[in-house]
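Undergrad: Got a structure here, written out as structure tokens. Questions coming.
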Amino acid sequence: AWLWALAMEAQRMPCPDRIIDMVGFAYGVGCCGGFGLTFARGLRDHPAGHRFSGAMAAAQARAPHLGHTFALWSGLFHTFECAVSQRHLDPDGARSSVDAAVCGFLTAGVLSIRAGPVAASTNAVVGGLCVLMVDIISGSARK
């Protein structure tokens, strides 16, 4: 998996195209992962005799919603990433972990703004820290 991430980092697309590409990728990941998790949960939760059909129906109903959620998060994140990267000399070059944390901060804050300023600021800080942690761990795995 780390080799794939390294290859993706080496061939990053320019900014407007990257947003579209990552939204589509995130939708696919959300749908596939959401289908698998919802199907497994459905196998556990449905009564005997209806486990497979109930799990399949639940997974088919839930997977597009999870794909949409992943795509929305990814679209906002990469839009902010493109905006933040414009301050560098090479906007399409590699980004720093601080840039990733700022993008995570902004994305989580915007997505939770309807809950009020306290919830939005809390979610923004948690989102920025989570993205920073993932970026540092994946960056150390790449090196």
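Residues in the structure tokens are numbered from 1 in each chain, the chains being A, B, ... in the order shown, and ligands are numbered from 1 in the order shown.
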Quick one: everything within 6 Å of range 121-127 of chain A, counting only C-alpha atoms, minus sequence neighbours fewer than 6 positions away in the same chain. Send it as a JSON list (two decimals) with N, CA and C atoms, in the first residue's frame.

TA:
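As written to disk, selection.json reads:
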[["chain", "number", "residue", "atom", "x", "y", "z"],
["A", 104, "GLY", "N", -7.23, 19.92, 6.30],
["A", 104, "GLY", "CA", -8.11, 19.12, 7.16],
["A", 104, "GLY", "C", -8.88, 20.00, 8.13],
["A", 105, "PHE", "N", -8.22, 21.00, 8.68],
["A", 105, "PHE", "CA", -8.84, 21.96, 9.59],
["A", 105, "PHE", "C", -10.00, 22.69, 8.89],
["A", 108, "ALA", "N", -12.98, 20.11, 7.86],
["A", 108, "ALA", "CA", -13.82, 19.71, 9.00],
["A", 108, "ALA", "C", -14.61, 20.88, 9.54],
["A", 109, "GLY", "N", -14.03, 22.06, 9.55],
["A", 109, "GLY", "CA", -14.75, 23.24, 10.03],
["A", 109, "GLY", "C", -15.91, 23.61, 9.13]]

Undergrad: For Glu81 in chain A, find every residue with an atom within 8 Å (counting only C-alpha atoms), except residues of its own chain fewer than 2 positions away, and show them as a list of chain:residue names.

TA: A:Phe77, A:His78, A:Thr79, A:Ala83, A:Val84, A:Ser85, A:Asp99, A:Ala100, A:Cys103

Undergrad: Could you check which of A:Val23, A:Ala48, A:Val29, A:Leu106 is closest to Ala63 in chain A, using only C-alpha atoms?

TA: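 Closest residue, counting only C-alpha atoms: A:Val29.
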
Undergrad: Go through A:Ile136, A:Ala40, A:Leu66, A:Ala115 one by one, measure the shortest atom-to-atom distance of each to Gly54 in chain A using only C-alpha atoms, and give the residue with the smallest value.

TA: A:Ala40

Undergrad: Closest to Asp21 in chain A among A:Leu89, A:Leu43, A:Ala71, A:Val118, using only C-alpha atoms?

TA: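 When distances to Asp21 in chain A are compared using only C-alpha atoms, the smallest one comes from A:Ala71.
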
Undergrad: Do you have the CA of Ser112 in chain A-CA of Cys31 in chain A distance handy?

TA: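 According to the coordinates, CA of Ser112 in chain A and CA of Cys31 in chain A are separated by 22.2 Å.
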
Undergrad: Neighbouring residues of range 72-76 of chain A were defined as those with any atom within 7 Å, considering only C-alpha atoms; residues of the same chain fewer than 3 positions away were excluded. Please report them as a PyMOL selection string.

TA: chain A and resi 19+22-23+26+68-69+79-80+107

Undergrad: Could you write those residues out with N, CA, C and O atoms, as a PDB file, in the first residue's frame?

TA:
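Wrote it out as out18.pdb, contents follow:
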ATOM      1  N   ILE A  19      -8.820  17.683  -8.225  1.00  0.00           N
ATOM      2  CA  ILE A  19     -10.055  17.713  -7.435  1.00  0.00           C
ATOM      3  C   ILE A  19     -11.057  16.720  -8.008  1.00  0.00           C
ATOM      4  O   ILE A  19     -11.618  15.892  -7.282  1.00  0.00           O
ATOM      5  N   MET A  22      -9.860  13.033  -7.507  1.00  0.00           N
ATOM      6  CA  MET A  22      -9.938  12.553  -6.127  1.00  0.00           C
ATOM      7  C   MET A  22     -11.377  12.417  -5.639  1.00  0.00           C
ATOM      8  O   MET A  22     -11.673  11.548  -4.820  1.00  0.00           O
ATOM      9  N   VAL A  23     -12.288  13.242  -6.146  1.00  0.00           N
ATOM     10  CA  VAL A  23     -13.701  13.089  -5.785  1.00  0.00           C
ATOM     11  C   VAL A  23     -14.225  11.764  -6.323  1.00  0.00           C
ATOM     12  O   VAL A  23     -14.912  11.015  -5.622  1.00  0.00           O
ATOM     13  N   ALA A  26     -12.644   8.946  -4.276  1.00  0.00           N
ATOM     14  CA  ALA A  26     -13.227   8.865  -2.936  1.00  0.00           C
ATOM     15  C   ALA A  26     -14.639   8.289  -2.989  1.00  0.00           C
ATOM     16  O   ALA A  26     -15.040   7.541  -2.095  1.00  0.00           O
ATOM     17  N   HIS A  68     -21.055   9.140  -1.187  1.00  0.00           N
ATOM     18  CA  HIS A  68     -21.300  10.576  -1.285  1.00  0.00           C
ATOM     19  C   HIS A  68     -20.578  11.327  -0.176  1.00  0.00           C
ATOM     20  O   HIS A  68     -19.986  12.386  -0.402  1.00  0.00           O
ATOM     21  N   THR A  69     -20.612  10.785   1.034  1.00  0.00           N
ATOM     22  CA  THR A  69     -19.950  11.434   2.162  1.00  0.00           C
ATOM     23  C   THR A  69     -18.442  11.505   1.944  1.00  0.00           C
ATOM     24  O   THR A  69     -17.817  12.541   2.178  1.00  0.00           O
ATOM     25  N   THR A  79     -10.024  20.889  -2.741  1.00  0.00           N
ATOM     26  CA  THR A  79     -10.224  22.280  -3.138  1.00  0.00           C
ATOM     27  C   THR A  79      -9.399  23.198  -2.244  1.00  0.00           C
ATOM     28  O   THR A  79      -8.709  24.102  -2.735  1.00  0.00           O
ATOM     29  N   PHE A  80      -9.451  22.949  -0.942  1.00  0.00           N
ATOM     30  CA  PHE A  80      -8.621  23.737  -0.029  1.00  0.00           C
ATOM     31  C   PHE A  80      -7.140  23.469  -0.282  1.00  0.00           C
ATOM     32  O   PHE A  80      -6.323  24.387  -0.177  1.00  0.00           O
ATOM     33  N   THR A 107     -11.570  21.848   6.065  1.00  0.00           N
ATOM     34  CA  THR A 107     -12.607  20.934   5.609  1.00  0.00           C
ATOM     35  C   THR A 107     -13.537  20.541   6.747  1.00  0.00           C
ATOM     36  O   THR A 107     -14.765  20.611   6.612  1.00  0.00           O
TER      37      THR A 107
END

Undergrad: So which bits of chain A end up helix (DSSP H, G or I) when you DSSP the backbone, as number ranges by chain?

TA: A: 2-10, 15-45, 51-85, 97-111, 113-115, 117-142

Undergrad: Please determine, counting only C-alpha atoms, which residue among A:Ile20, A:Leu132, A:Cys82, A:Ala59 has the shortest atom-to-atom distance to Cys32 in chain A.

TA: A:Ala59

Undergrad: Would you please work out which residue, of A:Ile137, A:Arg18, A:Met13, A:Ala58, is nearest to Leu37 in chain A when using only C-alpha atoms?

TA: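 Closest to Leu37 in chain A of all the choices is A:Ala58.
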
Undergrad: Please indicate the distance in Å from CA of Phe52 in chain A to CA of Phe39 in chain A, rounded to one decimal place.

TA: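 Interatomic distance, CA of Phe52 in chain A to CA of Phe39 in chain A: 8.4 Å.
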